[in-house]
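Note: the block below is coords.cif and it holds mmCIF, C-alpha atoms, pLDDT in the B column; chains and numbers go by the auth columns.
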```cif
data_input
loop_
_atom_site.group_PDB
_atom_site.id
_atom_site.type_symbol
_atom_site.label_atom_id
_atom_site.label_comp_id
_atom_site.label_asym_id
_atom_site.label_seq_id
_atom_site.Cartn_x
_atom_site.Cartn_y
_atom_site.Cartn_z
_atom_site.B_iso_or_equiv
_atom_site.auth_seq_id
_atom_site.auth_asym_id
ATOM 1 C CA MET A 1 0.000 0.000 0.000 56.00 74 A
ATOM 2 C CA ALA A 2 1.525 3.238 -1.103 61.00 75 A
ATOM 3 C CA GLY A 3 1.770 6.079 1.438 70.00 76 A
ATOM 4 C CA THR A 4 1.267 9.771 0.774 77.00 77 A
ATOM 5 C CA LEU A 5 4.229 12.012 1.114 75.00 78 A
ATOM 6 C CA THR A 6 3.380 15.478 2.252 77.00 79 A
ATOM 7 C CA GLU A 7 6.023 18.105 1.851 76.00 80 A
ATOM 8 C CA THR A 8 5.791 21.429 3.560 76.00 81 A
ATOM 9 C CA ARG A 9 7.860 24.412 2.554 71.00 82 A
ATOM 10 C CA GLU A 10 8.255 27.553 4.521 71.00 83 A
ATOM 11 C CA ASP A 11 8.591 30.817 2.721 65.00 84 A
ATOM 12 C CA VAL A 12 9.651 33.637 4.968 64.00 85 A
ATOM 13 C CA ALA A 13 10.135 37.096 3.580 62.00 86 A
ATOM 14 C CA LEU A 14 11.010 40.243 5.464 66.00 87 A
ATOM 15 C CA ASP A 15 8.371 42.953 5.470 70.00 88 A
ATOM 16 C CA CYS A 16 9.305 46.084 3.546 82.00 89 A
ATOM 17 C CA PRO A 17 10.645 48.716 5.885 92.00 90 A
ATOM 18 C CA TRP A 18 8.654 51.835 6.644 95.00 91 A
ATOM 19 C CA ASN A 19 10.062 55.342 6.533 96.00 92 A
ATOM 20 C CA VAL A 20 9.342 57.995 9.128 97.00 93 A
ATOM 21 C CA ILE A 21 9.281 61.373 7.422 98.00 94 A
ATOM 22 C CA VAL A 22 9.466 64.809 9.054 98.00 95 A
ATOM 23 C CA HIS A 23 7.966 67.639 7.006 97.00 96 A
ATOM 24 C CA ASP A 24 8.984 71.286 7.006 95.00 97 A
ATOM 25 C CA ASP A 25 7.099 73.750 9.161 91.00 98 A
ATOM 26 C CA PRO A 26 8.302 77.350 9.305 87.00 99 A
ATOM 27 C CA VAL A 27 7.110 77.832 12.888 89.00 100 A
ATOM 28 C CA ASN A 28 9.482 75.311 14.453 94.00 101 A
ATOM 29 C CA LEU A 29 12.958 76.557 15.336 96.00 102 A
ATOM 30 C CA MET A 30 15.763 74.710 13.586 96.00 103 A
ATOM 31 C CA GLY A 31 17.530 74.116 16.900 96.00 104 A
ATOM 32 C CA TYR A 32 14.365 72.587 18.310 97.00 105 A
ATOM 33 C CA VAL A 33 13.972 70.155 15.406 98.00 106 A
ATOM 34 C CA THR A 34 17.583 69.062 15.906 98.00 107 A
ATOM 35 C CA TRP A 35 16.987 68.685 19.649 97.00 108 A
ATOM 36 C CA VAL A 36 13.871 66.551 19.105 98.00 109 A
ATOM 37 C CA LEU A 37 15.674 64.210 16.692 98.00 110 A
ATOM 38 C CA MET A 38 18.518 63.806 19.197 98.00 111 A
ATOM 39 C CA LYS A 39 16.072 63.154 22.038 97.00 112 A
ATOM 40 C CA ILE A 40 13.804 60.650 20.297 98.00 113 A
ATOM 41 C CA PHE A 41 16.327 58.696 18.228 98.00 114 A
ATOM 42 C CA GLY A 42 19.491 59.320 20.212 98.00 115 A
ATOM 43 C CA TYR A 43 21.225 60.657 17.123 98.00 116 A
ATOM 44 C CA PRO A 44 24.476 62.584 17.523 98.00 117 A
ATOM 45 C CA GLU A 45 24.065 66.306 17.007 97.00 118 A
ATOM 46 C CA ASN A 46 25.749 66.404 13.588 98.00 119 A
ATOM 47 C CA LYS A 47 23.437 63.700 12.184 98.00 120 A
ATOM 48 C CA ALA A 48 20.326 65.308 13.662 98.00 121 A
ATOM 49 C CA ALA A 49 21.393 68.729 12.373 98.00 122 A
ATOM 50 C CA ALA A 50 21.961 67.313 8.868 98.00 123 A
ATOM 51 C CA MET A 51 18.446 65.830 8.866 98.00 124 A
ATOM 52 C CA MET A 52 17.021 69.108 10.137 98.00 125 A
ATOM 53 C CA MET A 53 18.746 70.972 7.293 98.00 126 A
ATOM 54 C CA GLU A 54 17.310 68.501 4.800 98.00 127 A
ATOM 55 C CA VAL A 55 13.837 69.173 6.202 97.00 128 A
ATOM 56 C CA HIS A 56 14.494 72.907 5.945 96.00 129 A
ATOM 57 C CA LYS A 57 15.895 72.862 2.398 96.00 130 A
ATOM 58 C CA GLN A 58 14.118 69.916 0.752 97.00 131 A
ATOM 59 C CA GLY A 59 10.816 70.187 2.621 97.00 132 A
ATOM 60 C CA GLN A 60 11.113 66.776 4.226 97.00 133 A
ATOM 61 C CA SER A 61 13.577 64.178 5.432 98.00 134 A
ATOM 62 C CA ILE A 62 13.456 60.451 6.147 98.00 135 A
ATOM 63 C CA VAL A 63 14.586 60.334 9.761 98.00 136 A
ATOM 64 C CA TRP A 64 14.201 56.608 10.427 98.00 137 A
ATOM 65 C CA SER A 65 13.398 53.354 8.609 97.00 138 A
ATOM 66 C CA GLY A 66 12.317 50.011 9.996 96.00 139 A
ATOM 67 C CA GLU A 67 9.337 47.918 10.982 94.00 140 A
ATOM 68 C CA ARG A 68 5.878 49.473 10.911 92.00 141 A
ATOM 69 C CA GLU A 69 5.094 49.229 14.602 94.00 142 A
ATOM 70 C CA LYS A 70 8.210 51.145 15.561 96.00 143 A
ATOM 71 C CA ALA A 71 7.680 53.633 12.740 96.00 144 A
ATOM 72 C CA GLU A 72 4.209 54.401 14.127 95.00 145 A
ATOM 73 C CA PHE A 73 5.641 54.809 17.615 97.00 146 A
ATOM 74 C CA TYR A 74 8.284 57.259 16.404 98.00 147 A
ATOM 75 C CA ALA A 75 5.758 59.173 14.291 97.00 148 A
ATOM 76 C CA GLN A 76 3.534 59.633 17.315 97.00 149 A
ATOM 77 C CA GLN A 77 6.503 60.799 19.383 98.00 150 A
ATOM 78 C CA LEU A 78 7.491 63.340 16.731 98.00 151 A
ATOM 79 C CA GLN A 79 3.916 64.600 16.371 97.00 152 A
ATOM 80 C CA SER A 80 3.635 65.022 20.131 97.00 153 A
ATOM 81 C CA HIS A 81 6.628 67.365 19.792 97.00 154 A
ATOM 82 C CA GLN A 82 4.616 69.326 17.211 97.00 155 A
ATOM 83 C CA LEU A 83 6.609 68.164 14.193 97.00 156 A
ATOM 84 C CA LYS A 84 4.584 67.361 11.077 97.00 157 A
ATOM 85 C CA THR A 85 5.264 63.688 10.489 97.00 158 A
ATOM 86 C CA SER A 86 4.126 60.845 8.246 96.00 159 A
ATOM 87 C CA ILE A 87 5.075 57.242 7.620 95.00 160 A
ATOM 88 C CA GLU A 88 5.308 55.501 4.268 93.00 161 A
ATOM 89 C CA LYS A 89 6.123 52.037 3.052 91.00 162 A
ATOM 90 C CA THR A 90 9.289 51.855 1.021 87.00 163 A
ATOM 91 C CA GLU A 91 9.003 50.630 -2.544 76.00 164 A
ATOM 92 C CA MET B 1 9.866 91.930 31.964 90.00 204 B
ATOM 93 C CA LYS B 2 13.132 90.062 32.259 93.00 205 B
ATOM 94 C CA VAL B 3 13.776 86.448 31.317 93.00 206 B
ATOM 95 C CA ALA B 4 16.888 84.671 32.545 92.00 207 B
ATOM 96 C CA PRO B 5 18.151 81.177 33.340 92.00 208 B
ATOM 97 C CA THR B 6 18.534 80.241 37.003 93.00 209 B
ATOM 98 C CA LEU B 7 21.360 78.469 38.820 93.00 210 B
ATOM 99 C CA GLN B 8 18.967 75.549 39.407 92.00 211 B
ATOM 100 C CA GLY B 9 18.789 74.924 35.670 94.00 212 B
ATOM 101 C CA GLY B 10 15.388 76.476 35.108 95.00 213 B
ATOM 102 C CA LEU B 11 14.159 79.846 33.938 95.00 214 B
ATOM 103 C CA ARG B 12 12.859 82.857 35.835 95.00 215 B
ATOM 104 C CA ILE B 13 10.585 85.518 34.393 94.00 216 B
ATOM 105 C CA ASP B 14 10.577 88.763 36.341 93.00 217 B
ATOM 106 C CA VAL B 15 7.207 90.421 35.904 92.00 218 B
ATOM 107 C CA GLU B 16 7.291 94.168 36.467 90.00 219 B
ATOM 108 C CA SER B 17 3.853 95.513 35.574 89.00 220 B
ATOM 109 C CA PRO B 18 0.204 94.592 34.982 88.00 221 B
ATOM 110 C CA VAL B 19 0.933 94.676 31.254 90.00 222 B
ATOM 111 C CA ASP B 20 3.592 92.004 31.733 91.00 223 B
ATOM 112 C CA TRP B 21 1.052 89.766 33.497 91.00 224 B
ATOM 113 C CA MET B 22 -1.370 90.372 30.662 92.00 225 B
ATOM 114 C CA VAL B 23 1.225 89.340 28.071 94.00 226 B
ATOM 115 C CA LEU B 24 1.919 86.114 29.955 95.00 227 B
ATOM 116 C CA ARG B 25 -1.773 85.338 30.281 94.00 228 B
ATOM 117 C CA CYS B 26 -2.047 85.759 26.521 96.00 229 B
ATOM 118 C CA ILE B 27 0.058 82.603 25.982 97.00 230 B
ATOM 119 C CA PRO B 28 -2.796 80.110 26.598 96.00 231 B
ATOM 120 C CA TYR B 29 -5.327 82.632 25.299 95.00 232 B
ATOM 121 C CA ASP B 30 -3.497 82.936 21.967 96.00 233 B
ATOM 122 C CA ALA B 31 -2.899 79.184 21.802 95.00 234 B
ATOM 123 C CA ARG B 32 -6.570 78.352 22.354 92.00 235 B
ATOM 124 C CA GLY B 33 -7.810 81.136 20.083 86.00 236 B
ATOM 125 C CA GLY B 34 -8.991 80.415 16.577 78.00 237 B
ATOM 126 C CA ASP B 35 -9.972 77.062 15.188 79.00 238 B
ATOM 127 C CA LEU B 36 -6.543 75.488 15.015 83.00 239 B
ATOM 128 C CA ASP B 37 -6.545 71.770 15.792 92.00 240 B
ATOM 129 C CA LEU B 38 -2.849 71.179 16.323 93.00 241 B
ATOM 130 C CA ALA B 39 -3.223 67.387 16.482 95.00 242 B
ATOM 131 C CA GLU B 40 -4.859 67.431 13.040 94.00 243 B
ATOM 132 C CA ARG B 41 -2.171 69.770 11.781 93.00 244 B
ATOM 133 C CA VAL B 42 0.856 67.697 12.800 95.00 245 B
ATOM 134 C CA ALA B 43 -0.836 64.520 11.552 95.00 246 B
ATOM 135 C CA ALA B 44 -1.960 66.046 8.246 94.00 247 B
ATOM 136 C CA PRO B 45 0.857 64.384 6.229 94.00 248 B
ATOM 137 C CA MET B 46 -0.606 60.987 7.256 92.00 249 B
ATOM 138 C CA ALA B 47 -3.583 61.652 4.974 89.00 250 B
ATOM 139 C CA GLY B 48 -3.980 58.833 2.491 84.00 251 B
ATOM 140 C CA ASP B 49 -2.082 56.302 4.595 82.00 252 B
ATOM 141 C CA GLU B 50 -3.861 52.968 4.981 82.00 253 B
ATOM 142 C CA GLY B 51 -3.873 53.460 8.742 84.00 254 B
ATOM 143 C CA GLU B 52 -5.217 57.011 8.665 89.00 255 B
ATOM 144 C CA GLU B 53 -8.563 56.152 10.295 91.00 256 B
ATOM 145 C CA ASP B 54 -6.914 54.231 13.127 92.00 257 B
ATOM 146 C CA TRP B 55 -4.531 57.131 13.609 94.00 258 B
ATOM 147 C CA ARG B 56 -7.460 59.508 13.963 93.00 259 B
ATOM 148 C CA GLU B 57 -9.209 57.225 16.388 93.00 260 B
ATOM 149 C CA PHE B 58 -6.333 56.188 18.622 94.00 261 B
ATOM 150 C CA VAL B 59 -3.476 58.691 18.302 96.00 262 B
ATOM 151 C CA LEU B 60 -5.072 62.096 17.819 97.00 263 B
ATOM 152 C CA PRO B 61 -6.928 62.046 21.177 97.00 264 B
ATOM 153 C CA ASP B 62 -3.605 61.394 22.959 97.00 265 B
ATOM 154 C CA LEU B 63 -1.976 64.230 21.038 97.00 266 B
ATOM 155 C CA ARG B 64 -4.797 66.580 22.048 97.00 267 B
ATOM 156 C CA ASP B 65 -4.319 65.582 25.686 97.00 268 B
ATOM 157 C CA THR B 66 -0.594 66.257 25.405 97.00 269 B
ATOM 158 C CA PHE B 67 -1.128 69.691 23.881 97.00 270 B
ATOM 159 C CA ASN B 68 -3.797 70.593 26.454 96.00 271 B
ATOM 160 C CA SER B 69 -1.509 69.588 29.314 97.00 272 B
ATOM 161 C CA GLN B 70 1.124 72.001 28.025 97.00 273 B
ATOM 162 C CA LEU B 71 -1.328 74.889 28.258 97.00 274 B
ATOM 163 C CA SER B 72 -2.641 73.720 31.633 97.00 275 B
ATOM 164 C CA THR B 73 0.906 73.773 33.021 96.00 276 B
ATOM 165 C CA ILE B 74 1.298 77.392 31.947 96.00 277 B
ATOM 166 C CA GLU B 75 -2.141 78.385 33.255 95.00 278 B
ATOM 167 C CA ASP B 76 -1.460 76.744 36.624 94.00 279 B
ATOM 168 C CA ALA B 77 1.942 78.426 36.962 93.00 280 B
ATOM 169 C CA LEU B 78 0.462 81.824 36.166 92.00 281 B
ATOM 170 C CA ALA B 79 -2.490 81.315 38.513 90.00 282 B
ATOM 171 C CA GLU B 80 -0.056 80.478 41.300 88.00 283 B
ATOM 172 C CA ALA B 81 2.224 83.439 40.638 84.00 284 B
ATOM 173 C CA THR B 82 -0.153 86.161 39.565 70.00 285 B
ATOM 174 C CA ASP B 83 -0.773 89.228 41.644 69.00 286 B
ATOM 175 C CA GLU B 84 -2.005 91.459 38.893 66.00 287 B
ATOM 176 C CA GLU B 85 -1.105 94.761 40.493 68.00 288 B
ATOM 177 C CA GLN B 86 2.304 93.731 41.731 79.00 289 B
ATOM 178 C CA SER B 87 5.644 92.785 40.330 85.00 290 B
ATOM 179 C CA GLY B 88 6.480 89.117 40.736 88.00 291 B
ATOM 180 C CA GLU B 89 8.305 86.099 39.439 90.00 292 B
ATOM 181 C CA VAL B 90 7.308 83.104 37.370 93.00 293 B
ATOM 182 C CA HIS B 91 9.613 80.111 37.708 93.00 294 B
ATOM 183 C CA ILE B 92 9.907 77.467 35.039 95.00 295 B
ATOM 184 C CA ALA B 93 11.493 74.343 36.476 94.00 296 B
ATOM 185 C CA ARG B 94 13.806 72.364 34.243 95.00 297 B
ATOM 186 C CA GLU B 95 11.333 69.458 34.166 95.00 298 B
ATOM 187 C CA ASP B 96 8.555 71.787 32.973 96.00 299 B
ATOM 188 C CA ALA B 97 10.644 73.454 30.264 97.00 300 B
ATOM 189 C CA GLU B 98 9.381 71.189 27.478 97.00 301 B
ATOM 190 C CA LEU B 99 5.759 71.805 28.462 97.00 302 B
ATOM 191 C CA TRP B 100 6.308 75.565 28.410 98.00 303 B
ATOM 192 C CA TYR B 101 8.163 75.343 25.111 98.00 304 B
ATOM 193 C CA GLY B 102 5.269 73.390 23.609 97.00 305 B
ATOM 194 C CA GLY B 103 2.673 75.836 24.936 97.00 306 B
ATOM 195 C CA LEU B 104 4.598 78.798 23.553 97.00 307 B
ATOM 196 C CA ASN B 105 4.904 76.987 20.230 96.00 308 B
ATOM 197 C CA GLN B 106 1.137 76.498 20.145 96.00 309 B
ATOM 198 C CA ALA B 107 0.573 80.194 20.806 96.00 310 B
ATOM 199 C CA ARG B 108 3.021 81.232 18.099 95.00 311 B
ATOM 200 C CA LEU B 109 1.557 78.751 15.653 93.00 312 B
ATOM 201 C CA ALA B 110 -2.003 79.939 16.290 93.00 313 B
ATOM 202 C CA LEU B 111 -0.977 83.578 15.784 94.00 314 B
ATOM 203 C CA GLU B 112 0.909 82.729 12.596 93.00 315 B
ATOM 204 C CA GLU B 113 -2.144 80.858 11.253 90.00 316 B
ATOM 205 C CA ARG B 114 -4.371 83.789 12.080 92.00 317 B
ATOM 206 C CA TYR B 115 -2.199 86.673 10.896 93.00 318 B
ATOM 207 C CA ASP B 116 0.245 85.121 8.402 91.00 319 B
ATOM 208 C CA PHE B 117 3.128 87.232 9.752 90.00 320 B
ATOM 209 C CA SER B 118 5.643 85.754 7.326 83.00 321 B
ATOM 210 C CA ASN B 119 3.920 87.606 4.480 86.00 322 B
ATOM 211 C CA ALA B 120 3.280 90.843 6.366 87.00 323 B
ATOM 212 C CA ASN B 121 5.256 94.045 6.753 87.00 324 B
ATOM 213 C CA PRO B 122 5.403 95.100 10.435 82.00 325 B
ATOM 214 C CA LEU B 123 5.237 98.760 9.369 86.00 326 B
ATOM 215 C CA GLU B 124 1.881 98.224 7.659 90.00 327 B
ATOM 216 C CA MET B 125 0.186 96.144 10.358 93.00 328 B
ATOM 217 C CA THR B 126 -2.996 97.187 12.108 93.00 329 B
ATOM 218 C CA PRO B 127 -2.573 97.874 15.864 93.00 330 B
ATOM 219 C CA GLY B 128 -4.152 94.532 16.761 94.00 331 B
ATOM 220 C CA MET B 129 -1.954 92.630 14.372 95.00 332 B
ATOM 221 C CA ARG B 130 1.163 94.503 15.507 94.00 333 B
ATOM 222 C CA SER B 131 0.367 93.672 19.119 94.00 334 B
ATOM 223 C CA ALA B 132 0.003 90.013 18.179 95.00 335 B
ATOM 224 C CA TRP B 133 3.293 90.188 16.259 95.00 336 B
ATOM 225 C CA PHE B 134 5.114 91.565 19.298 94.00 337 B
ATOM 226 C CA ARG B 135 3.650 88.800 21.465 96.00 338 B
ATOM 227 C CA SER B 136 4.765 86.240 18.926 96.00 339 B
ATOM 228 C CA GLN B 137 8.284 87.695 18.999 95.00 340 B
ATOM 229 C CA PHE B 138 8.268 87.570 22.800 95.00 341 B
ATOM 230 C CA TYR B 139 7.153 83.924 22.782 97.00 342 B
ATOM 231 C CA LEU B 140 9.917 83.162 20.290 96.00 343 B
ATOM 232 C CA HIS B 141 12.482 84.835 22.558 96.00 344 B
ATOM 233 C CA VAL B 142 11.399 82.803 25.601 96.00 345 B
ATOM 234 C CA GLN B 143 11.484 79.632 23.510 97.00 346 B
ATOM 235 C CA SER B 144 15.031 80.439 22.376 96.00 347 B
ATOM 236 C CA VAL B 145 16.211 80.966 25.961 95.00 348 B
ATOM 237 C CA LEU B 146 14.506 77.736 27.075 96.00 349 B
ATOM 238 C CA LEU B 147 16.081 75.779 24.239 96.00 350 B
ATOM 239 C CA GLU B 148 19.561 77.193 24.659 95.00 351 B
ATOM 240 C CA HIS B 149 19.858 77.350 28.440 94.00 352 B
ATOM 241 C CA VAL B 150 17.385 74.896 29.941 96.00 353 B
ATOM 242 C CA MET B 151 16.519 72.057 27.560 94.00 354 B
ATOM 243 C CA HIS B 152 20.037 71.333 26.285 83.00 355 B
#
```
As structure tokens:
Amino acid sequence: MAGTLTETREDVALDCPWNVIVHDDPVNLMGYVTWVLMKIFGYPENKAAAMMMEVHKQGQSIVWSGEREKAEFYAQQLQSHQLKTSIEKTE
Amino acid sequence: MKVAPTLQGGLRIDVESPVDWMVLRCIPYDARGGDLDLAERVAAPMAGDEGEEDWREFVLPDLRDTFNSQLSTIEDALAEATDEEQSGEVHIAREDAELWYGGLNQARLALEERYDFSNANPLEMTPGMRSAWFRSQFYLHVQSVLLEHVMH
């Protein structure tokens, strides 16, 4: 009597990372934006200042990328500091 | 009015006249004036995201609570310190600096939304608008001192 062979394959793929984006807002002081990025992400001042300048000059900057849950957490933190923030899935 | 950092790491505002008290009381008044919903404003770039509805339902109420608590902190400090006919002092403890900064930011934001200062010439402003512009500049100055001397 012939048996049935069942083969199971696992296919695990990493979820696409999500970007946290800070948008320009002329009311916020540049020093404050830098301070917030240092406080929330623990970035060194030069990295935070570079991101702040990108926000100022380009209108927005990707300040963090990673899993969605954390991206939402960071977006909420940034918004609570009155920074206009969004999240988007990377392509 | 004088604004200066203290040795304890906070900030002290020396209030010298009834007008000074009035200017300070304008902080929450300006912030609450108008129809600005700051939580909606900072979350506006989320529009179109698949989680936008959840964000509105679960995150925006917390943001509103946060922003209200900033103004309540300022109102409580002023209520405790105010003697409207006398000079006095308002102390901002280091741990309250962020709340004050946020409240001042709300006031400045609300005034900017209402008057659009960035496109106005101070020499051509109406008296009411000029008064609001001076308040906005004062709020900005206090924010700068907080950021430079207390929050860093």
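Distances here use all atoms listed in the file; by that measure, the residue among B:Leu312, B:Leu214, B:Ala207, B:Val226 closest to chain A is B:Leu312.
Restricting the calculation to all atoms listed in the file, the smallest distance between chain B and any of A:Gln133, A:Asn101, A:Thr77, A:Ser138 is found for A:Asn101.
In this structure, the chain A residues at most 9 Å away from chain B are A:His96, A:Val100, A:Asn101, A:Leu102, A:Gly104, A:Tyr105, A:Trp108, A:Ala148, A:Gln149, A:Leu151, A:Gln152, A:Ser153, A:His154, A:Gln155, A:Leu156, A:Lys157, A:Thr158, A:Ser159, A:Ile160, A:Glu161, with all atoms listed in the file considered.
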Inset, instruction - Work out how far apart CA of Asn324 in chain B and CA of Trp336 in chain B are and give it in Å to one decimal. - result: 10.4 Å
Closest contacts (range 228-324 of chain B/range 215-219 of chain B, max 7 Å, only C-alpha atoms) as a tab-separated table:
```
residue	atom	partner	partner_atom	distance
B:Ser290	CA	B:Glu219	CA	4.4
B:Gly291	CA	B:Val218	CA	5.1
B:Glu292	CA	B:Asp217	CA	4.7
B:Val293	CA	B:Ile216	CA	5.0
B:His294	CA	B:Arg215	CA	4.6
B:Ile295	CA	B:Arg215	CA	6.2
```
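Among the candidates B:Val345, B:Leu274, B:Leu227, B:Leu210, the one nearest to Gly306 in chain B when counting only C-alpha atoms is B:Leu274.
Across the model, the gap from CA of Asn92 in chain A to CA of Ser134 in chain A is 9.6 Å.
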Evaluate the PyMOL selection byres ((chain B and resi 335) around 12) against this structure - the residues, as a PDB file with C-alpha atoms, in the frame of the given file, please.
```pdb
ATOM      1  CA  VAL B 226       1.225  89.340  28.071  1.00 94.00           C
ATOM      2  CA  CYS B 229      -2.047  85.759  26.521  1.00 96.00           C
ATOM      3  CA  ILE B 230       0.058  82.603  25.982  1.00 97.00           C
ATOM      4  CA  TYR B 232      -5.327  82.632  25.299  1.00 95.00           C
ATOM      5  CA  ASP B 233      -3.497  82.936  21.967  1.00 96.00           C
ATOM      6  CA  ALA B 234      -2.899  79.184  21.802  1.00 95.00           C
ATOM      7  CA  GLY B 236      -7.810  81.136  20.083  1.00 86.00           C
ATOM      8  CA  ALA B 310       0.573  80.194  20.806  1.00 96.00           C
ATOM      9  CA  ARG B 311       3.021  81.232  18.099  1.00 95.00           C
ATOM     10  CA  LEU B 312       1.557  78.751  15.653  1.00 93.00           C
ATOM     11  CA  ALA B 313      -2.003  79.939  16.290  1.00 93.00           C
ATOM     12  CA  LEU B 314      -0.977  83.578  15.784  1.00 94.00           C
ATOM     13  CA  GLU B 315       0.909  82.729  12.596  1.00 93.00           C
ATOM     14  CA  GLU B 316      -2.144  80.858  11.253  1.00 90.00           C
ATOM     15  CA  ARG B 317      -4.371  83.789  12.080  1.00 92.00           C
ATOM     16  CA  TYR B 318      -2.199  86.673  10.896  1.00 93.00           C
ATOM     17  CA  ASP B 319       0.245  85.121   8.402  1.00 91.00           C
ATOM     18  CA  PHE B 320       3.128  87.232   9.752  1.00 90.00           C
ATOM     19  CA  PRO B 325       5.403  95.100  10.435  1.00 82.00           C
ATOM     20  CA  MET B 328       0.186  96.144  10.358  1.00 93.00           C
ATOM     21  CA  THR B 329      -2.996  97.187  12.108  1.00 93.00           C
ATOM     22  CA  PRO B 330      -2.573  97.874  15.864  1.00 93.00           C
ATOM     23  CA  GLY B 331      -4.152  94.532  16.761  1.00 94.00           C
ATOM     24  CA  MET B 332      -1.954  92.630  14.372  1.00 95.00           C
ATOM     25  CA  ARG B 333       1.163  94.503  15.507  1.00 94.00           C
ATOM     26  CA  SER B 334       0.367  93.672  19.119  1.00 94.00           C
ATOM     27  CA  TRP B 336       3.293  90.188  16.259  1.00 95.00           C
ATOM     28  CA  PHE B 337       5.114  91.565  19.298  1.00 94.00           C
ATOM     29  CA  ARG B 338       3.650  88.800  21.465  1.00 96.00           C
ATOM     30  CA  SER B 339       4.765  86.240  18.926  1.00 96.00           C
ATOM     31  CA  GLN B 340       8.284  87.695  18.999  1.00 95.00           C
ATOM     32  CA  PHE B 341       8.268  87.570  22.800  1.00 95.00           C
ATOM     33  CA  TYR B 342       7.153  83.924  22.782  1.00 97.00           C
TER      34      TYR B 342
END
```
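Nearest-residue note for Leu307 in chain B: choosing from B:Leu326, B:Pro264, B:Leu349, B:Glu255, the minimum distance belongs to B:Leu349, counting only C-alpha atoms.
Atom to atom, CA of Val106 in chain A and CA of Val128 in chain A stand 9.3 Å apart.
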Inset, instruction - Write out as an MDAnalysis selection string the residues lying within 9 Å of Trp91 in chain A, counting only C-alpha atoms and excluding same-chain residues fewer than 3 positions away. - result: chainID A and resid 88 137:141 143:144 160:163
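In this comparison, which uses all atoms listed in the file, the residue of B:Arg259, B:Thr285, B:Pro231, B:Gln211 approaching Glu298 in chain B most closely is B:Gln211.
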Legend entry - Result set of the PyMOL selection byres ((chain A and resi 120) around 12) on the coordinates above, as a PyMOL selection string: chain A and resi 106-108+110-111+114-119+121-127+134+136-137
